[in-house]
Amino acid sequence: MRVVYGMNPVRELLRAGAEGLSELWLAEGGERPRAFGDLERAARERGAKVRAAPRARLDRLAGVTSHQGVVAVVSDYRYREVDELLEAARASGRPALLVLLDGVEDPQNLGAVIRSAHALGAHGVVVPRDRAAAVTPAAAKASAGAVEHCPVARVTNLARTVEELKEAGIWTVAAVPDGARELREVDLTAPTALVVGGEGQGIRPLVRRTCDHEARIPMAGRVGSLNASASAAIALYEAVRQRGQKP
């Protein structure tokens, strides 16, 4: 079981069908937000138990104090297979657009990437199984609930996944500070997987060598690079801009 906390993440969980929702905990006492009533009704409609408890109880349940008085208990997150992401792309009628994260260990960064991926119309996010952030309550909170709508696949070997995507007709683009070309000079209108590195070492050499293209985001300031979530958001927007489509 896992917990999802915060107004927006729990609201999006309910909008997505609330699969596996067993309990909804709401803070008691004080002035209860009107939104609590909407969440309570939606949770009861989906067969979940609704419980009121002191905030201290919710603090212990969520493991944080920033839960905004709302904590849902649901089944473990179901990671998708990469093939499911590609099938979603085919069903959409649009060229595939994926984000692959190599070594992103901060759940806040992962959540922010998922939020941008969903907002900009990507068909999913791919993360490694080891040495990388998972879909935790903190990641779900940082995604503002987008994790309930944007599928995330988890793989054992990211370099091998890049090879498999290439065999499936997906162009792979590594976003690196020293790329030979600027991102805008790379054709992102074809089926594309954007590869973004982690907070420390960036994209690992083997993964980088496996990609079809290397591209940089032009920087005007003195800071040499952006964090993973900012880089992913810019790369996704550039793909949407080139495709001339609305997210």
# chains A, B, ... in the order shown; residues from 1 in each chain; ligands from 1

call {"tool": "residues_around", "arguments": {"residues": "Val73 in chain A", "least_positions_apart": "5", "cutoff": "12 Å", "atoms": "only C-alpha atoms", "output": "VMD selection string"}}
result
chain A and resid 1 to 5 10 13 to 14 18 to 26 43 48 to 51 58 61 to 62 137

call {"tool": "write_last_selection", "arguments": {"atoms": "N, CA and C atoms", "output": "compact mmCIF listing (two decimals), in the first residue's frame"}}
result
# COMPACT_ATOMS: atom_id res chain seq x y z
N MET A 1 0.84 -1.20 0.00
CA MET A 1 0.00 0.00 0.00
C MET A 1 0.88 1.25 0.00
N ARG A 2 0.35 2.34 -0.48
CA ARG A 2 1.06 3.61 -0.49
C ARG A 2 0.08 4.70 -0.09
N VAL A 3 0.62 5.88 0.18
CA VAL A 3 -0.24 7.02 0.49
C VAL A 3 -0.05 8.09 -0.57
N VAL A 4 -1.11 8.82 -0.80
CA VAL A 4 -1.09 10.00 -1.66
C VAL A 4 -1.63 11.14 -0.81
N TYR A 5 -0.89 12.24 -0.73
CA TYR A 5 -1.33 13.32 0.13
C TYR A 5 -1.33 14.66 -0.61
N VAL A 10 -4.67 14.16 -4.47
CA VAL A 10 -5.80 13.29 -4.14
C VAL A 10 -6.97 13.58 -5.08
N LEU A 13 -6.22 11.84 -8.24
CA LEU A 13 -6.38 10.40 -8.03
C LEU A 13 -7.84 10.01 -8.20
N LEU A 14 -8.74 10.79 -7.62
CA LEU A 14 -10.17 10.50 -7.71
C LEU A 14 -10.67 10.71 -9.14
N ALA A 18 -9.45 6.49 -9.16
CA ALA A 18 -9.09 6.06 -7.80
C ALA A 18 -8.95 4.54 -7.69
N GLU A 19 -8.28 3.94 -8.67
CA GLU A 19 -8.07 2.49 -8.63
C GLU A 19 -7.27 2.11 -7.39
N GLY A 20 -7.78 1.18 -6.60
CA GLY A 20 -7.06 0.72 -5.42
C GLY A 20 -7.23 1.59 -4.19
N LEU A 21 -8.07 2.62 -4.25
CA LEU A 21 -8.29 3.49 -3.09
C LEU A 21 -9.06 2.74 -2.01
N SER A 22 -8.51 2.68 -0.80
CA SER A 22 -9.20 2.00 0.29
C SER A 22 -9.68 2.96 1.37
N GLU A 23 -8.90 3.99 1.65
CA GLU A 23 -9.27 4.93 2.71
C GLU A 23 -8.91 6.36 2.32
N LEU A 24 -9.74 7.29 2.76
CA LEU A 24 -9.43 8.71 2.64
C LEU A 24 -9.49 9.30 4.04
N TRP A 25 -8.39 9.89 4.47
CA TRP A 25 -8.30 10.50 5.79
C TRP A 25 -8.35 12.02 5.63
N LEU A 26 -9.20 12.65 6.42
CA LEU A 26 -9.36 14.10 6.40
C LEU A 26 -9.10 14.66 7.79
N ALA A 43 -14.86 10.00 -2.86
CA ALA A 43 -14.25 8.78 -2.30
C ALA A 43 -15.32 7.77 -1.93
N ALA A 48 -14.63 3.81 -1.03
CA ALA A 48 -13.57 3.95 -0.04
C ALA A 48 -14.15 4.36 1.31
N LYS A 49 -13.45 4.00 2.37
CA LYS A 49 -13.81 4.45 3.71
C LYS A 49 -13.26 5.85 3.92
N VAL A 50 -14.07 6.72 4.50
CA VAL A 50 -13.64 8.09 4.78
C VAL A 50 -13.54 8.24 6.29
N ARG A 51 -12.39 8.69 6.75
CA ARG A 51 -12.15 8.82 8.19
C ARG A 51 -11.67 10.22 8.51
N LEU A 58 -2.64 12.32 10.77
CA LEU A 58 -2.34 12.42 9.34
C LEU A 58 -0.85 12.67 9.12
N LEU A 61 0.69 9.31 9.28
CA LEU A 61 0.29 8.49 8.14
C LEU A 61 1.03 8.90 6.87
N ALA A 62 1.12 10.22 6.65
CA ALA A 62 1.76 10.72 5.43
C ALA A 62 3.28 10.75 5.55
N PRO A 137 5.19 9.06 -2.53
CA PRO A 137 4.24 10.12 -2.20
C PRO A 137 4.79 11.52 -2.48

call {"tool": "residues_around", "arguments": {"residues": "Val104 in chain A", "least_positions_apart": "2", "cutoff": "7 Å", "atoms": "only C-alpha atoms", "output": "PyMOL selection string"}}
result
chain A and resi 101-102+106+110+132-133+197-199

call {"tool": "select_by_dssp", "arguments": {"residues": "range 30-244 of chain A", "states": "helix (DSSP H, G or I)", "output": "number ranges by chain"}}
result
A: 34-45, 55-62, 82-92, 107-119, 137-142, 146-148, 158-167, 183-185, 205-210, 228-243

call {"tool": "write_last_selection", "arguments": {"atoms": "C-alpha atoms", "output": "short mmCIF file (atom, residue, chain, number, x, y, z; two decimals), in the first residue's frame"}}
result
data_model
loop_
_atom_site.label_atom_id
_atom_site.label_comp_id
_atom_site.auth_asym_id
_atom_site.auth_seq_id
_atom_site.Cartn_x
_atom_site.Cartn_y
_atom_site.Cartn_z
CA ARG A 34 -15.25 23.20 1.25
CA ALA A 35 -13.16 21.00 -1.01
CA PHE A 36 -13.12 18.34 1.71
CA GLY A 37 -16.80 17.70 1.06
CA ASP A 38 -16.18 17.14 -2.66
CA LEU A 39 -13.32 14.73 -1.94
CA GLU A 40 -15.37 12.87 0.65
CA ARG A 41 -18.31 12.40 -1.72
CA ALA A 42 -16.08 11.24 -4.55
CA ALA A 43 -14.25 8.78 -2.30
CA ARG A 44 -17.50 7.30 -0.96
CA GLU A 45 -18.81 6.90 -4.51
CA ARG A 55 -3.75 16.40 12.03
CA ALA A 56 -1.11 14.63 14.14
CA ARG A 57 -2.53 11.29 12.98
CA LEU A 58 -2.34 12.42 9.34
CA ASP A 59 1.23 13.63 9.94
CA ARG A 60 2.23 10.11 10.98
CA LEU A 61 0.29 8.49 8.14
CA ALA A 62 1.76 10.72 5.43
CA VAL A 82 7.38 0.61 -22.38
CA ASP A 83 5.19 -1.16 -24.93
CA GLU A 84 2.13 0.28 -23.17
CA LEU A 85 3.50 3.79 -23.63
CA LEU A 86 4.10 3.14 -27.33
CA GLU A 87 0.59 1.73 -27.68
CA ALA A 88 -0.79 4.89 -26.07
CA ALA A 89 1.15 6.92 -28.62
CA ARG A 90 -0.27 4.90 -31.50
CA ALA A 91 -3.79 5.26 -30.12
CA SER A 92 -3.38 9.03 -29.84
CA PRO A 107 11.58 12.65 -6.12
CA GLN A 108 10.76 16.36 -6.44
CA ASN A 109 12.52 16.44 -9.80
CA LEU A 110 10.78 13.26 -10.92
CA GLY A 111 7.39 14.67 -9.94
CA ALA A 112 8.09 17.93 -11.76
CA VAL A 113 9.10 16.04 -14.93
CA ILE A 114 5.92 13.96 -14.80
CA ARG A 115 3.89 17.16 -14.39
CA SER A 116 5.55 18.75 -17.44
CA ALA A 117 5.24 15.54 -19.46
CA HIS A 118 1.51 15.38 -18.81
CA ALA A 119 0.95 19.10 -19.39
CA PRO A 137 4.24 10.12 -2.20
CA ALA A 138 6.69 13.04 -2.48
CA ALA A 139 6.97 12.56 -6.26
CA ALA A 140 3.18 12.36 -6.57
CA LYS A 141 2.82 15.59 -4.56
CA ALA A 142 5.44 17.35 -6.72
CA ALA A 146 -0.18 14.34 -12.87
CA VAL A 147 1.24 10.94 -11.93
CA GLU A 148 -2.33 9.63 -11.96
CA LEU A 158 18.08 2.14 -19.78
CA ALA A 159 20.70 1.78 -22.53
CA ARG A 160 18.99 -1.38 -23.74
CA THR A 161 15.65 0.42 -23.66
CA VAL A 162 17.12 3.16 -25.85
CA GLU A 163 18.22 0.49 -28.34
CA GLU A 164 14.75 -1.09 -28.30
CA LEU A 165 13.09 2.27 -28.88
CA LYS A 166 15.37 2.90 -31.86
CA GLU A 167 14.40 -0.49 -33.29
CA LEU A 183 17.91 21.48 -29.45
CA ARG A 184 15.97 23.61 -31.94
CA GLU A 185 18.20 22.32 -34.75
CA PRO A 205 28.34 7.63 -21.13
CA LEU A 206 26.87 4.34 -22.38
CA VAL A 207 23.34 5.75 -22.54
CA ARG A 208 24.63 8.90 -24.22
CA ARG A 209 26.55 6.97 -26.87
CA THR A 210 23.49 4.87 -27.61
CA ALA A 228 16.52 17.72 -14.83
CA SER A 229 12.97 19.01 -14.51
CA ALA A 230 13.76 22.35 -16.16
CA SER A 231 15.66 20.65 -19.00
CA ALA A 232 12.83 18.19 -19.59
CA ALA A 233 10.21 20.95 -19.64
CA ILE A 234 12.17 23.02 -22.17
CA ALA A 235 12.84 19.99 -24.39
CA LEU A 236 9.18 18.96 -24.29
CA TYR A 237 8.03 22.45 -25.18
CA GLU A 238 10.44 22.57 -28.11
CA ALA A 239 8.99 19.31 -29.41
CA VAL A 240 5.46 20.67 -29.10
CA ARG A 241 6.51 23.93 -30.80
CA GLN A 242 8.06 22.11 -33.74
CA ARG A 243 5.04 19.89 -34.13
#

call {"tool": "residues_around", "arguments": {"residues": "Leu100 in chain A", "least_positions_apart": "3", "cutoff": "9 Å", "atoms": "only C-alpha atoms", "output": "list in words"}}
result
Gly124, Val125, Val126, Val127, Pro128, Leu158, Val162, Ala193, Leu194, Val195, Val196 and Gly197 of chain A

call {"tool": "closest_residue", "arguments": {"among": "A:Cys211, A:Ala134, A:Ala16, A:Met7", "to": "Tyr77 in chain A", "atoms": "only C-alpha atoms"}}
result
A:Ala134

call {"tool": "decode", "arguments": {"residues": "range 115-140 of chain A", "atoms": "N, CA, C and O atoms", "output": "compact mmCIF listing (two decimals), in the first residue's frame"}}
result
# COMPACT_ATOMS: atom_id res chain seq x y z
N ARG A 115 4.87 16.06 -14.22
CA ARG A 115 3.89 17.16 -14.39
C ARG A 115 4.05 17.82 -15.75
O ARG A 115 3.07 18.06 -16.46
N SER A 116 5.30 18.13 -16.13
CA SER A 116 5.55 18.75 -17.44
C SER A 116 5.20 17.81 -18.57
O SER A 116 4.62 18.22 -19.59
N ALA A 117 5.54 16.52 -18.41
CA ALA A 117 5.24 15.54 -19.46
C ALA A 117 3.74 15.47 -19.71
O ALA A 117 3.28 15.45 -20.86
N HIS A 118 2.96 15.44 -18.65
CA HIS A 118 1.51 15.38 -18.81
C HIS A 118 0.97 16.68 -19.41
O HIS A 118 0.15 16.65 -20.34
N ALA A 119 1.45 17.81 -18.92
CA ALA A 119 0.95 19.10 -19.39
C ALA A 119 1.26 19.34 -20.86
O ALA A 119 0.48 19.98 -21.57
N LEU A 120 2.40 18.80 -21.33
CA LEU A 120 2.83 19.06 -22.70
C LEU A 120 2.56 17.89 -23.64
O LEU A 120 3.05 17.87 -24.77
N GLY A 121 1.76 16.94 -23.20
CA GLY A 121 1.27 15.92 -24.11
C GLY A 121 2.18 14.74 -24.37
O GLY A 121 1.97 14.01 -25.35
N ALA A 122 3.18 14.51 -23.51
CA ALA A 122 4.02 13.33 -23.70
C ALA A 122 3.22 12.07 -23.40
O ALA A 122 2.23 12.09 -22.66
N HIS A 123 3.65 10.97 -23.98
CA HIS A 123 2.93 9.71 -23.80
C HIS A 123 3.42 8.91 -22.61
O HIS A 123 2.86 7.84 -22.32
N GLY A 124 4.44 9.38 -21.93
CA GLY A 124 4.89 8.71 -20.73
C GLY A 124 6.33 9.03 -20.39
O GLY A 124 7.05 9.69 -21.15
N VAL A 125 6.72 8.58 -19.21
CA VAL A 125 8.07 8.79 -18.67
C VAL A 125 8.66 7.42 -18.36
O VAL A 125 7.96 6.53 -17.88
N VAL A 126 9.95 7.27 -18.63
CA VAL A 126 10.65 6.01 -18.38
C VAL A 126 11.78 6.28 -17.40
O VAL A 126 12.56 7.21 -17.58
N VAL A 127 11.87 5.46 -16.35
CA VAL A 127 12.92 5.61 -15.35
C VAL A 127 13.61 4.27 -15.13
O VAL A 127 13.01 3.21 -15.32
N PRO A 128 14.88 4.27 -14.72
CA PRO A 128 15.56 3.01 -14.39
C PRO A 128 15.04 2.46 -13.07
O PRO A 128 14.54 3.19 -12.21
N ARG A 129 15.19 1.16 -12.89
CA ARG A 129 14.74 0.51 -11.66
C ARG A 129 15.68 0.82 -10.50
O ARG A 129 15.24 0.95 -9.35
N ASP A 130 16.98 0.96 -10.77
CA ASP A 130 17.98 1.15 -9.71
C ASP A 130 18.57 2.56 -9.77
O ASP A 130 18.66 3.17 -10.84
N ARG A 131 18.98 3.04 -8.62
CA ARG A 131 19.67 4.33 -8.49
C ARG A 131 18.89 5.46 -9.15
O ARG A 131 19.44 6.29 -9.88
N ALA A 132 17.61 5.46 -8.91
CA ALA A 132 16.74 6.50 -9.48
C ALA A 132 15.52 6.65 -8.60
O ALA A 132 15.11 5.71 -7.90
N ALA A 133 14.94 7.83 -8.63
CA ALA A 133 13.74 8.08 -7.84
C ALA A 133 12.58 7.24 -8.36
O ALA A 133 12.44 7.02 -9.56
N ALA A 134 11.77 6.76 -7.43
CA ALA A 134 10.57 6.01 -7.78
C ALA A 134 9.35 6.91 -7.59
O ALA A 134 9.46 8.05 -7.12
N VAL A 135 8.19 6.39 -7.94
CA VAL A 135 6.95 7.15 -7.76
C VAL A 135 6.54 7.01 -6.29
O VAL A 135 5.82 6.10 -5.90
N THR A 136 7.05 7.92 -5.48
CA THR A 136 6.78 7.97 -4.05
C THR A 136 5.70 9.01 -3.77
O THR A 136 5.32 9.78 -4.67
N PRO A 137 5.19 9.06 -2.53
CA PRO A 137 4.24 10.12 -2.20
C PRO A 137 4.79 11.52 -2.48
O PRO A 137 4.06 12.40 -2.94
N ALA A 138 6.09 11.72 -2.22
CA ALA A 138 6.69 13.04 -2.48
C ALA A 138 6.69 13.35 -3.98
O ALA A 138 6.44 14.49 -4.39
N ALA A 139 6.99 12.36 -4.81
CA ALA A 139 6.97 12.56 -6.26
C ALA A 139 5.56 12.85 -6.73
O ALA A 139 5.34 13.72 -7.59
N ALA A 140 4.58 12.13 -6.19
CA ALA A 140 3.18 12.36 -6.57
C ALA A 140 2.75 13.77 -6.18
O ALA A 140 2.05 14.45 -6.95
